[in-house]
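Trainee: Structure provided below as structure tokens; questions to follow.
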Amino acid sequence: MMVSIESTEQEDQVQPSEVEFYVVSQKKLLILFISTFGMYTVYWFYKHWSQYKKSTNEDVWPIPRGIFSIFFIHSLFSLFEAKYEKKTGAAPKSIRYLATIYVVFSVGCQIAGKLSDNGFAEQFTFYISLLVFPVSGWVLYKAQSLANYAGEDVLGESNSKLTGFNYLWLICSAALWSLLIFGLYSYVQLQESKEEVRASYEQYFTDADERIQMTHFTINENKVDITLELRGLGESLYQNDNEKIQANSKTFVEGKVCSSVQLTEFIDEGNNVSIKIVNGDSEQLDNIINFSFSRGSCE
């Protein structure tokens with residue numbers, strides 16, 4: 001018999017009074033969440049679904065639901081509300097909007113992290129990706145309050161003290177936090193260094209000429225990629241003008257690249273320098289000419 005991970009129809013048939021959830025004090029929740037840099041989230045969801053399964057004998061899989069929490073958080077928070085209503089006779093203030101916030105930030109921050117890794121608006125997307133941490137903590141904190149209140153331990157006093165295993169986690173997490181802070185510091189220093197390198201390349205290739213602007217710059221271990229916009233050319237170029245600009249651009253770019261000790265050494269090591277010249281006056285930023293320098297190009 002095939003079993004679905006999301007057994008929503010079976011869950012709807014369970015009487016709320018039979019359901020039990022994971023009890024933990026909100027203070028302890030925050031300590032474990034912050035100290036493990038959010039990894040406690042997986043355990044938190046797992047424990048709630050594990051308690052639910054034990055109390056109802058429903059055929060759900062707590063481990064997958066803990067790992068893939070964004071797919072099951074709405075149904076879990078709905079069960080919290082149903083349990084509260086059964087206990088008090090009054091519907092609680094809905095927390096399902098918190099589930100939506102959790103999903104949106106989890107997915108959005110993952111996307112931002114990927115964009116940052118690929119160099120797209122690197123600093124902005126990197127810091128955006130970190131927002132999932134405080135938002136997730138806030139959602140779990142608010143949801144646990146309702147879960148505790150719906151049970152028989154409003155303050156979570158039965159699970160308010162840190163255990164030996166918890167302290168072991170805290171020790172390991174202290175090392176993790178140290179590495180994280182060092183990594184963040186190194187990242188900030190790297191970004192500042194990249195900005196300094198960009199500024200030096202921009203000054204070198206534009207010569208403070210307002211008609212030339214460097215609009216794109218990336219550098220890594222084996223490639224420098226630059227886009228220069230030329231202003232004052234007009235929106236469209238005649239063929240003769242275009243050929244003349246191409247010839248002048250070739251002389252200018254080759255002179256800049258091949259007279260730079262830093263760039264020639266970079267190229268001679270087997271790396272690549274790519275420079276694109278575009279018309280900054282055209283609406284589509286029409287391409288004028290592309291250059292690619294590799295080993296032997298400046299000989």
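In the structure tokens, chains take the letters A, B, ... in the order shown, each chain's residues start at 1, and ligands count up from 1 in the order shown.
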Going by DSSP on the backbone, which residues of segment 180-282 of chain A come out as helix (DSSP H, G or I)? List them as number ranges by chain.

Mentor: A: 180-206, 239-258, 261-268

Trainee: Write out as a list in words each polymer residue whose atoms come within 6 Å of segment 41-46 of chain A, counting only C-alpha atoms; drop sequence neighbours fewer than 5 positions from it.

Mentor: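 These residues fall inside the cut-off: Pro62, Ile63, Gly66 and Ile67 of chain A.
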
Trainee: Which polymer residues have any atom within 10 Å of an atom of Ser297 of chain A, counting only C-alpha atoms, with same-chain residues fewer than 2 positions away left out, as JSON, numbers by chain?

Mentor: {"A": [254, 257, 258, 264, 267, 268, 272, 292, 293, 294, 295, 299]}

Trainee: Once you have the residues from the selection above, write them out as a PDB file, in the first residue's frame, restricted to N, CA and C atoms.

Mentor:
```
ATOM      1  N   GLU A 254      44.297  47.796 -26.315  1.00  0.00           N
ATOM      2  CA  GLU A 254      45.554  47.037 -26.372  1.00  0.00           C
ATOM      3  C   GLU A 254      46.666  47.788 -25.649  1.00  0.00           C
ATOM      4  N   VAL A 257      45.944  47.385 -21.779  1.00  0.00           N
ATOM      5  CA  VAL A 257      46.165  46.035 -21.251  1.00  0.00           C
ATOM      6  C   VAL A 257      47.639  45.657 -21.317  1.00  0.00           C
ATOM      7  N   CYS A 258      48.248  45.877 -22.478  1.00  0.00           N
ATOM      8  CA  CYS A 258      49.612  45.396 -22.685  1.00  0.00           C
ATOM      9  C   CYS A 258      50.675  46.267 -22.024  1.00  0.00           C
ATOM     10  N   THR A 264      49.500  42.013 -17.763  1.00  0.00           N
ATOM     11  CA  THR A 264      50.313  41.138 -18.616  1.00  0.00           C
ATOM     12  C   THR A 264      50.810  39.915 -17.847  1.00  0.00           C
ATOM     13  N   ILE A 267      47.858  37.574 -17.616  1.00  0.00           N
ATOM     14  CA  ILE A 267      47.614  36.886 -18.884  1.00  0.00           C
ATOM     15  C   ILE A 267      48.669  35.811 -19.135  1.00  0.00           C
ATOM     16  N   ASP A 268      49.931  36.139 -18.849  1.00  0.00           N
ATOM     17  CA  ASP A 268      51.017  35.193 -19.100  1.00  0.00           C
ATOM     18  C   ASP A 268      50.929  33.955 -18.217  1.00  0.00           C
ATOM     19  N   ASN A 272      42.712  35.008 -18.517  1.00  0.00           N
ATOM     20  CA  ASN A 272      42.043  35.707 -19.614  1.00  0.00           C
ATOM     21  C   ASN A 272      41.534  37.073 -19.163  1.00  0.00           C
ATOM     22  N   SER A 292      39.530  39.945 -26.318  1.00  0.00           N
ATOM     23  CA  SER A 292      39.867  38.860 -25.410  1.00  0.00           C
ATOM     24  C   SER A 292      41.384  38.665 -25.447  1.00  0.00           C
ATOM     25  N   PHE A 293      42.008  38.804 -24.290  1.00  0.00           N
ATOM     26  CA  PHE A 293      43.452  38.684 -24.191  1.00  0.00           C
ATOM     27  C   PHE A 293      43.792  37.405 -23.437  1.00  0.00           C
ATOM     28  N   SER A 294      44.654  36.619 -24.039  1.00  0.00           N
ATOM     29  CA  SER A 294      45.146  35.407 -23.408  1.00  0.00           C
ATOM     30  C   SER A 294      46.655  35.344 -23.611  1.00  0.00           C
ATOM     31  N   ARG A 295      47.272  34.276 -23.173  1.00  0.00           N
ATOM     32  CA  ARG A 295      48.730  34.162 -23.251  1.00  0.00           C
ATOM     33  C   ARG A 295      49.218  34.383 -24.683  1.00  0.00           C
ATOM     34  N   GLU A 299      52.352  39.952 -27.119  1.00  0.00           N
ATOM     35  CA  GLU A 299      53.732  39.776 -27.639  1.00  0.00           C
ATOM     36  C   GLU A 299      53.886  40.452 -28.989  1.00  0.00           C
TER      37      GLU A 299
END
```

Trainee: List every residue of segment 212-287 of chain A that DSSP, applied to the backbone, labels as strand (DSSP E), and write the result as a list in words.

Mentor: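 Matching residues, listed in order: Ile212, Gln213, Met214, Thr215, His216, Phe217, Thr218, Ile219, Lys223, Val224, Asp225, Ile226, Thr227, Leu228, Glu229, Leu230, Asn272, Val273, Ser274, Ile275, Lys276, Ile277, Val278, Asn279 and Asn287 of chain A.
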
Trainee: So that I have them on file, write out the residues from the current selection with N, CA and C atoms, as a PDB file, in the first residue's frame.

Mentor:
```pdb
ATOM      1  N   ILE A 212      33.941  57.957 -20.944  1.00  0.00           N
ATOM      2  CA  ILE A 212      34.164  56.523 -20.783  1.00  0.00           C
ATOM      3  C   ILE A 212      33.722  56.115 -19.379  1.00  0.00           C
ATOM      4  N   GLN A 213      32.855  55.120 -19.301  1.00  0.00           N
ATOM      5  CA  GLN A 213      32.394  54.633 -18.007  1.00  0.00           C
ATOM      6  C   GLN A 213      32.523  53.113 -17.944  1.00  0.00           C
ATOM      7  N   MET A 214      33.062  52.634 -16.836  1.00  0.00           N
ATOM      8  CA  MET A 214      33.136  51.186 -16.628  1.00  0.00           C
ATOM      9  C   MET A 214      31.858  50.753 -15.923  1.00  0.00           C
ATOM     10  N   THR A 215      31.001  50.036 -16.629  1.00  0.00           N
ATOM     11  CA  THR A 215      29.689  49.670 -16.089  1.00  0.00           C
ATOM     12  C   THR A 215      29.627  48.225 -15.594  1.00  0.00           C
ATOM     13  N   HIS A 216      30.648  47.450 -15.893  1.00  0.00           N
ATOM     14  CA  HIS A 216      30.670  46.062 -15.413  1.00  0.00           C
ATOM     15  C   HIS A 216      32.110  45.663 -15.137  1.00  0.00           C
ATOM     16  N   PHE A 217      32.293  44.989 -13.991  1.00  0.00           N
ATOM     17  CA  PHE A 217      33.635  44.515 -13.645  1.00  0.00           C
ATOM     18  C   PHE A 217      33.516  43.294 -12.749  1.00  0.00           C
ATOM     19  N   THR A 218      34.124  42.205 -13.168  1.00  0.00           N
ATOM     20  CA  THR A 218      34.237  41.021 -12.314  1.00  0.00           C
ATOM     21  C   THR A 218      35.655  40.486 -12.440  1.00  0.00           C
ATOM     22  N   ILE A 219      36.130  39.925 -11.361  1.00  0.00           N
ATOM     23  CA  ILE A 219      37.472  39.348 -11.353  1.00  0.00           C
ATOM     24  C   ILE A 219      37.460  38.096 -10.499  1.00  0.00           C
ATOM     25  N   LYS A 223      40.065  35.053 -14.561  1.00  0.00           N
ATOM     26  CA  LYS A 223      39.469  35.925 -15.576  1.00  0.00           C
ATOM     27  C   LYS A 223      39.140  37.306 -15.027  1.00  0.00           C
ATOM     28  N   VAL A 224      39.392  38.309 -15.875  1.00  0.00           N
ATOM     29  CA  VAL A 224      38.931  39.677 -15.616  1.00  0.00           C
ATOM     30  C   VAL A 224      37.951  40.013 -16.724  1.00  0.00           C
ATOM     31  N   ASP A 225      36.769  40.473 -16.358  1.00  0.00           N
ATOM     32  CA  ASP A 225      35.721  40.788 -17.334  1.00  0.00           C
ATOM     33  C   ASP A 225      35.289  42.236 -17.129  1.00  0.00           C
ATOM     34  N   ILE A 226      35.409  43.056 -18.186  1.00  0.00           N
ATOM     35  CA  ILE A 226      35.132  44.493 -18.090  1.00  0.00           C
ATOM     36  C   ILE A 226      34.229  44.923 -19.232  1.00  0.00           C
ATOM     37  N   THR A 227      33.276  45.823 -18.931  1.00  0.00           N
ATOM     38  CA  THR A 227      32.471  46.472 -19.967  1.00  0.00           C
ATOM     39  C   THR A 227      32.669  47.975 -19.855  1.00  0.00           C
ATOM     40  N   LEU A 228      33.036  48.596 -20.982  1.00  0.00           N
ATOM     41  CA  LEU A 228      33.217  50.048 -21.031  1.00  0.00           C
ATOM     42  C   LEU A 228      32.155  50.648 -21.933  1.00  0.00           C
ATOM     43  N   GLU A 229      31.474  51.674 -21.437  1.00  0.00           N
ATOM     44  CA  GLU A 229      30.492  52.407 -22.238  1.00  0.00           C
ATOM     45  C   GLU A 229      31.114  53.699 -22.736  1.00  0.00           C
ATOM     46  N   LEU A 230      30.947  53.939 -24.041  1.00  0.00           N
ATOM     47  CA  LEU A 230      31.425  55.184 -24.633  1.00  0.00           C
ATOM     48  C   LEU A 230      30.251  56.132 -24.804  1.00  0.00           C
ATOM     49  N   ASN A 272      42.712  35.008 -18.517  1.00  0.00           N
ATOM     50  CA  ASN A 272      42.043  35.707 -19.614  1.00  0.00           C
ATOM     51  C   ASN A 272      41.534  37.073 -19.163  1.00  0.00           C
ATOM     52  N   VAL A 273      41.683  38.059 -20.051  1.00  0.00           N
ATOM     53  CA  VAL A 273      41.105  39.382 -19.829  1.00  0.00           C
ATOM     54  C   VAL A 273      40.136  39.666 -20.965  1.00  0.00           C
ATOM     55  N   SER A 274      38.874  39.921 -20.624  1.00  0.00           N
ATOM     56  CA  SER A 274      37.842  40.173 -21.622  1.00  0.00           C
ATOM     57  C   SER A 274      37.303  41.590 -21.446  1.00  0.00           C
ATOM     58  N   ILE A 275      37.311  42.361 -22.542  1.00  0.00           N
ATOM     59  CA  ILE A 275      36.833  43.747 -22.482  1.00  0.00           C
ATOM     60  C   ILE A 275      35.820  43.968 -23.601  1.00  0.00           C
ATOM     61  N   LYS A 276      34.672  44.493 -23.220  1.00  0.00           N
ATOM     62  CA  LYS A 276      33.584  44.755 -24.163  1.00  0.00           C
ATOM     63  C   LYS A 276      33.360  46.263 -24.247  1.00  0.00           C
ATOM     64  N   ILE A 277      33.311  46.789 -25.468  1.00  0.00           N
ATOM     65  CA  ILE A 277      33.051  48.218 -25.689  1.00  0.00           C
ATOM     66  C   ILE A 277      31.645  48.364 -26.260  1.00  0.00           C
ATOM     67  N   VAL A 278      30.802  49.195 -25.618  1.00  0.00           N
ATOM     68  CA  VAL A 278      29.427  49.394 -26.083  1.00  0.00           C
ATOM     69  C   VAL A 278      29.145  50.887 -26.243  1.00  0.00           C
ATOM     70  N   ASN A 279      28.133  51.165 -27.030  1.00  0.00           N
ATOM     71  CA  ASN A 279      27.698  52.553 -27.246  1.00  0.00           C
ATOM     72  C   ASN A 279      26.739  52.945 -26.121  1.00  0.00           C
ATOM     73  N   ASN A 287      26.631  46.855 -29.119  1.00  0.00           N
ATOM     74  CA  ASN A 287      28.017  46.418 -28.997  1.00  0.00           C
ATOM     75  C   ASN A 287      28.857  47.013 -30.128  1.00  0.00           C
TER      76      ASN A 287
END
```
